[in-house]
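**Q** Sending over coords_38.cif (mmCIF, C-alpha atoms, pLDDT in the B column; chains and numbers go by the auth columns).
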data_work
#
loop_
_atom_site.group_PDB
_atom_site.id
_atom_site.type_symbol
_atom_site.label_atom_id
_atom_site.label_comp_id
_atom_site.label_asym_id
_atom_site.label_seq_id
_atom_site.Cartn_x
_atom_site.Cartn_y
_atom_site.Cartn_z
_atom_site.B_iso_or_equiv
_atom_site.auth_seq_id
_atom_site.auth_asym_id
ATOM 1 C CA MET A 1 -56.927 -15.785 9.411 61.00 564 A
ATOM 2 C CA ASN A 2 -53.544 -14.196 8.666 68.00 565 A
ATOM 3 C CA HIS A 3 -54.250 -14.393 4.950 64.00 566 A
ATOM 4 C CA ILE A 4 -57.411 -12.306 5.391 65.00 567 A
ATOM 5 C CA ARG A 5 -55.554 -9.738 7.460 67.00 568 A
ATOM 6 C CA ASN A 6 -52.820 -9.434 4.806 66.00 569 A
ATOM 7 C CA LEU A 7 -55.459 -8.916 2.095 61.00 570 A
ATOM 8 C CA ALA A 8 -57.221 -6.300 4.191 61.00 571 A
ATOM 9 C CA ARG A 9 -53.954 -4.437 4.737 65.00 572 A
ATOM 10 C CA THR A 10 -52.866 -4.394 1.079 61.00 573 A
ATOM 11 C CA GLN A 11 -56.254 -3.675 -0.519 58.00 574 A
ATOM 12 C CA PRO A 12 -56.325 0.107 0.142 56.00 575 A
ATOM 13 C CA PHE A 13 -52.783 0.531 -1.196 56.00 576 A
ATOM 14 C CA GLN A 14 -53.570 -1.329 -4.406 57.00 577 A
ATOM 15 C CA LYS A 15 -56.581 0.906 -5.009 55.00 578 A
ATOM 16 C CA ALA A 16 -54.418 3.991 -4.478 55.00 579 A
ATOM 17 C CA ARG A 17 -51.951 2.768 -7.087 59.00 580 A
ATOM 18 C CA ILE A 18 -54.666 2.241 -9.653 61.00 581 A
ATOM 19 C CA LEU A 19 -56.031 5.748 -9.128 64.00 582 A
ATOM 20 C CA GLN A 20 -52.602 7.352 -9.666 67.00 583 A
ATOM 21 C CA GLN A 21 -51.950 8.378 -13.220 68.00 584 A
ATOM 22 C CA ARG A 22 -48.609 8.607 -14.964 67.00 585 A
ATOM 23 C CA ARG A 23 -47.488 12.009 -16.104 66.00 586 A
ATOM 24 C CA PRO A 24 -45.146 12.361 -19.077 62.00 587 A
ATOM 25 C CA PHE A 25 -43.656 15.710 -17.875 68.00 588 A
ATOM 26 C CA GLY A 26 -43.786 17.704 -21.071 62.00 589 A
ATOM 27 C CA ALA A 27 -44.125 14.958 -23.659 57.00 590 A
ATOM 28 C CA ALA A 28 -47.362 13.293 -24.563 58.00 591 A
ATOM 29 C CA SER A 29 -45.728 9.876 -24.472 58.00 592 A
ATOM 30 C CA SER A 30 -42.326 8.320 -24.787 58.00 593 A
ATOM 31 C CA SER A 31 -42.989 7.324 -28.405 62.00 594 A
ATOM 32 C CA SER A 32 -43.537 10.930 -29.503 66.00 595 A
ATOM 33 C CA GLN A 33 -40.192 12.068 -28.032 70.00 596 A
ATOM 34 C CA PRO A 34 -37.730 12.647 -30.872 76.00 597 A
ATOM 35 C CA GLN A 35 -34.501 10.654 -30.824 79.00 598 A
ATOM 36 C CA SER A 36 -31.315 12.687 -30.994 83.00 599 A
ATOM 37 C CA GLN A 37 -28.910 12.320 -33.915 82.00 600 A
ATOM 38 C CA SER A 38 -26.042 11.313 -31.637 80.00 601 A
ATOM 39 C CA GLN A 39 -28.047 8.269 -30.545 81.00 602 A
ATOM 40 C CA GLN A 40 -28.488 7.179 -34.168 81.00 603 A
ATOM 41 C CA ALA A 41 -24.819 7.596 -35.204 80.00 604 A
ATOM 42 C CA ARG A 42 -22.458 4.623 -35.425 80.00 605 A
ATOM 43 C CA LEU A 43 -19.678 4.585 -32.821 79.00 606 A
ATOM 44 C CA TRP A 44 -16.315 5.890 -34.164 77.00 607 A
ATOM 45 C CA GLU A 45 -17.861 6.608 -37.548 78.00 608 A
ATOM 46 C CA GLY A 46 -15.295 8.282 -39.797 79.00 609 A
ATOM 47 C CA HIS A 47 -12.357 7.487 -37.481 80.00 610 A
ATOM 48 C CA ASN A 48 -9.721 4.814 -37.924 80.00 611 A
ATOM 49 C CA THR A 49 -10.183 2.042 -35.321 78.00 612 A
ATOM 50 C CA GLU A 50 -7.004 0.117 -36.167 84.00 613 A
ATOM 51 C CA PRO A 51 -3.855 0.664 -34.057 85.00 614 A
ATOM 52 C CA GLU A 52 -1.696 3.511 -35.325 87.00 615 A
ATOM 53 C CA GLY A 53 1.585 2.465 -33.690 90.00 616 A
ATOM 54 C CA TRP A 54 1.854 4.988 -30.854 93.00 617 A
ATOM 55 C CA GLU A 55 -0.490 3.093 -28.544 93.00 618 A
ATOM 56 C CA THR A 56 2.126 0.521 -27.491 94.00 619 A
ATOM 57 C CA THR A 57 4.555 3.240 -26.431 96.00 620 A
ATOM 58 C CA VAL A 58 1.884 5.048 -24.431 97.00 621 A
ATOM 59 C CA TYR A 59 0.714 1.864 -22.693 97.00 622 A
ATOM 60 C CA ALA A 60 4.310 0.895 -21.842 97.00 623 A
ATOM 61 C CA THR A 61 4.913 4.387 -20.427 98.00 624 A
ATOM 62 C CA TYR A 62 1.734 4.187 -18.319 98.00 625 A
ATOM 63 C CA LEU A 63 2.776 0.784 -16.996 98.00 626 A
ATOM 64 C CA ALA A 64 6.348 1.858 -16.188 98.00 627 A
ATOM 65 C CA SER A 65 5.220 5.047 -14.445 98.00 628 A
ATOM 66 C CA THR A 66 2.623 3.124 -12.418 98.00 629 A
ATOM 67 C CA VAL A 67 5.255 0.618 -11.276 98.00 630 A
ATOM 68 C CA LEU A 68 7.762 3.366 -10.390 98.00 631 A
ATOM 69 C CA ILE A 69 5.216 5.409 -8.435 98.00 632 A
ATOM 70 C CA THR A 70 3.994 2.314 -6.600 97.00 633 A
ATOM 71 C CA LEU A 71 7.535 1.331 -5.613 97.00 634 A
ATOM 72 C CA ALA A 72 8.473 4.895 -4.635 96.00 635 A
ATOM 73 C CA LEU A 73 5.446 5.277 -2.405 95.00 636 A
ATOM 74 C CA GLY A 74 5.719 1.758 -1.027 95.00 637 A
ATOM 75 C CA PHE A 75 9.344 2.127 0.064 95.00 638 A
ATOM 76 C CA ALA A 76 9.112 5.747 1.219 94.00 639 A
ATOM 77 C CA PRO A 77 10.334 6.232 4.796 90.00 640 A
ATOM 78 C CA ASP A 78 7.824 6.716 7.552 89.00 641 A
ATOM 79 C CA THR A 79 8.183 10.363 8.578 89.00 642 A
ATOM 80 C CA SER A 80 5.308 10.606 11.013 93.00 643 A
ATOM 81 C CA ILE A 81 5.820 12.309 14.368 92.00 644 A
ATOM 82 C CA ASN A 82 4.855 9.107 16.201 94.00 645 A
ATOM 83 C CA THR A 83 7.606 7.110 14.489 92.00 646 A
ATOM 84 C CA TRP A 84 10.197 9.782 15.203 90.00 647 A
ATOM 85 C CA ALA A 85 9.168 10.019 18.881 91.00 648 A
ATOM 86 C CA GLY A 86 9.236 6.223 19.285 93.00 649 A
ATOM 87 C CA ASN A 87 12.719 5.960 17.764 90.00 650 A
ATOM 88 C CA GLU A 88 13.995 8.868 19.849 90.00 651 A
ATOM 89 C CA ALA A 89 12.636 7.330 23.062 90.00 652 A
ATOM 90 C CA ARG A 90 14.118 3.914 22.183 91.00 653 A
ATOM 91 C CA VAL A 91 17.575 5.425 21.555 88.00 654 A
ATOM 92 C CA ARG A 92 17.443 7.434 24.805 89.00 655 A
ATOM 93 C CA MET A 93 16.521 4.332 26.802 89.00 656 A
ATOM 94 C CA GLU A 94 19.327 2.328 25.145 88.00 657 A
ATOM 95 C CA MET A 95 21.836 5.109 25.853 85.00 658 A
ATOM 96 C CA LYS A 96 20.756 5.316 29.502 87.00 659 A
ATOM 97 C CA ALA A 97 21.014 1.524 29.871 88.00 660 A
ATOM 98 C CA ALA A 98 24.495 1.515 28.273 83.00 661 A
ATOM 99 C CA GLY A 99 25.638 4.387 30.474 81.00 662 A
ATOM 100 C CA GLY A 100 26.267 6.762 27.589 75.00 663 A
ATOM 101 C CA MET A 101 23.921 9.421 28.946 77.00 664 A
ATOM 102 C CA GLU A 102 23.482 10.638 32.489 80.00 665 A
ATOM 103 C CA GLN A 103 20.882 13.397 32.100 83.00 666 A
ATOM 104 C CA GLU A 104 18.659 14.169 29.134 83.00 667 A
ATOM 105 C CA GLU A 105 18.960 17.650 27.667 83.00 668 A
ATOM 106 C CA PHE A 106 15.943 19.487 26.355 83.00 669 A
ATOM 107 C CA GLY A 107 16.095 20.151 22.609 83.00 670 A
ATOM 108 C CA VAL A 108 18.863 17.647 21.870 85.00 671 A
ATOM 109 C CA HIS A 109 18.164 14.870 19.385 86.00 672 A
ATOM 110 C CA TYR A 110 19.707 11.565 20.377 82.00 673 A
ATOM 111 C CA ASN A 111 18.637 9.497 17.369 84.00 674 A
ATOM 112 C CA VAL A 112 21.351 10.819 15.050 85.00 675 A
ATOM 113 C CA PRO A 113 24.224 8.763 13.580 82.00 676 A
ATOM 114 C CA GLU A 114 26.880 10.678 15.534 80.00 677 A
ATOM 115 C CA LYS A 115 25.349 9.585 18.856 77.00 678 A
ATOM 116 C CA VAL A 116 24.044 6.142 17.885 75.00 679 A
ATOM 117 C CA TYR A 117 27.136 4.751 16.112 75.00 680 A
ATOM 118 C CA ASP A 118 30.725 4.737 17.307 69.00 681 A
ATOM 119 C CA PHE A 119 32.712 6.329 14.494 71.00 682 A
ATOM 120 C CA ASP A 120 35.942 6.322 16.539 73.00 683 A
ATOM 121 C CA MET A 121 36.114 2.520 16.720 66.00 684 A
ATOM 122 C CA LYS A 122 39.364 0.629 16.595 66.00 685 A
ATOM 123 C CA SER A 123 38.256 -2.183 14.281 67.00 686 A
ATOM 124 C CA VAL A 124 36.890 -1.279 10.857 65.00 687 A
ATOM 125 C CA ASP A 125 35.567 -4.808 10.388 69.00 688 A
ATOM 126 C CA ASN A 126 33.290 -4.438 13.409 68.00 689 A
ATOM 127 C CA PRO A 127 31.477 -1.083 12.984 62.00 690 A
ATOM 128 C CA PHE A 128 28.804 -1.790 15.574 67.00 691 A
ATOM 129 C CA ASN A 129 31.168 -3.233 18.190 63.00 692 A
ATOM 130 C CA GLU A 130 29.383 -6.575 18.141 70.00 693 A
ATOM 131 C CA GLU A 131 30.582 -9.789 19.697 72.00 694 A
ATOM 132 C CA ASP A 132 32.206 -12.241 17.296 64.00 695 A
ATOM 133 C CA ASP A 133 29.855 -14.840 15.897 59.00 696 A
ATOM 134 C CA ASP A 134 31.496 -18.160 16.745 58.00 697 A
ATOM 135 C CA GLU A 135 28.891 -20.289 14.957 60.00 698 A
ATOM 136 C CA ASP A 136 30.069 -19.221 11.505 59.00 699 A
ATOM 137 C CA GLU A 137 33.719 -19.929 12.329 59.00 700 A
ATOM 138 C CA GLU A 138 32.854 -23.400 13.672 60.00 701 A
ATOM 139 C CA ASP A 139 30.949 -24.199 10.478 61.00 702 A
ATOM 140 C CA GLU A 140 33.913 -23.059 8.359 63.00 703 A
ATOM 141 C CA ASP A 141 36.319 -25.151 10.462 62.00 704 A
ATOM 142 C CA GLU A 142 34.123 -28.243 10.007 65.00 705 A
ATOM 143 C CA GLU A 143 33.997 -27.705 6.244 65.00 706 A
ATOM 144 C CA GLU A 144 37.788 -27.341 6.080 65.00 707 A
ATOM 145 C CA ASP A 145 38.211 -30.571 8.102 63.00 708 A
ATOM 146 C CA GLU A 146 35.897 -32.418 5.688 65.00 709 A
ATOM 147 C CA VAL A 147 37.841 -31.119 2.693 58.00 710 A
ATOM 148 C CA GLU A 148 41.147 -32.251 4.274 62.00 711 A
ATOM 149 C CA ASP A 149 39.678 -35.696 5.031 60.00 712 A
ATOM 150 C CA ASP A 150 38.589 -36.047 1.400 59.00 713 A
ATOM 151 C CA ASP A 151 42.066 -35.068 0.193 56.00 714 A
ATOM 152 C CA ASP A 152 43.698 -37.671 2.463 55.00 715 A
ATOM 153 C CA GLU A 153 41.637 -40.503 1.004 55.00 716 A
#
Please rewrite the model in this file as structure tokens.

**A**
Amino acid sequence: MNHIRNLARTQPFQKARILQQRRPFGAASSSSQPQSQSQQARLWEGHNTEPEGWETTVYATYLASTVLITLALGFAPDTSINTWAGNEARVRMEMKAAGGMEQEEFGVHYNVPEKVYDFDMKSVDNPFNEEDDDEDEEDEDEEEDEVEDDDDE
């Protein structure tokens, strides 16, 4: 039953396709259309197709410039307003928590090296006023003890 319905549906369309004629739009047929001379010519006819020596330099320059531009754009700093605002808010919160700021001032930037880092520190070896890392010293002491034990034997 479905097969008969499908035939009944497609029959009128098939008849309409048969009745439509093709129009060549200005040419009697595609065989009478002249072929242009550029279509008949051999590719690179009259030109040397062997390398001339300058191609290697040009390709190397293209490669080097592509690598440099990719690295420059890849490592460029993020200068968006959202990044700046996030860093500024983080520094203000850290300064408030550390007690370095009582009241925020409008128009003052707090995320600048003069306010973030302590340039008047007493120890040059500890620029960020960090606690000493005891793990490294313990490892060095253990290595020295092992070296002394080996020397004793």

**Q** List as a PyMOL selection string the protein and nucleic acid residues near Met656 in chain A, meaning an atom at most 12 Å away when only C-alpha atoms are counted, but skip any in the same chain fewer than 4 places from it.

**A** chain A and resi 649-652+660-667+673-674+679

**Q** Could you state the separation of CA of Gly670 in chain A and CA of Ile644 in chain A in Å, given to one decimal place?

**A**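 Result for CA of Gly670 in chain A versus CA of Ile644 in chain A: 15.3 Å, one decimal.
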
**Q** In Å to one decimal, how far is CA of Thr612 in chain A from CA of Gln600 in chain A?

**A**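 Separating CA of Gln600 in chain A from CA of Thr612 in chain A is a distance of 21.4 Å.
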
**Q** Just to confirm, what's the straight-line distance from CA of Glu677 in chain A to CA of Glu693 in chain A in Å (one decimal)?

**A**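 Computed distance, CA of Glu677 in chain A to CA of Glu693 in chain A, equals 17.6 Å.
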
**Q** Can you pull out the residues contacting His672 in chain A? Cut-off 10 Å, using all atoms listed in the file, and skip same-chain residues under 6 positions away; I want them as a list of chain:residue names.

**A** A:Glu651, A:Val654, A:Arg655, A:Lys678

**Q** Once you add 6 Å to each side, what are the centre and edge lengths of the axis-aligned box holding all listed atoms of range 639-656 of chain A? One decimal in Å, as lines of an AutoDock Vina configuration file, if you can.

**A**
center_x = 11.2
center_y = 8.1
center_z = 14.0
size_x = 24.7
size_y = 20.4
size_z = 37.6
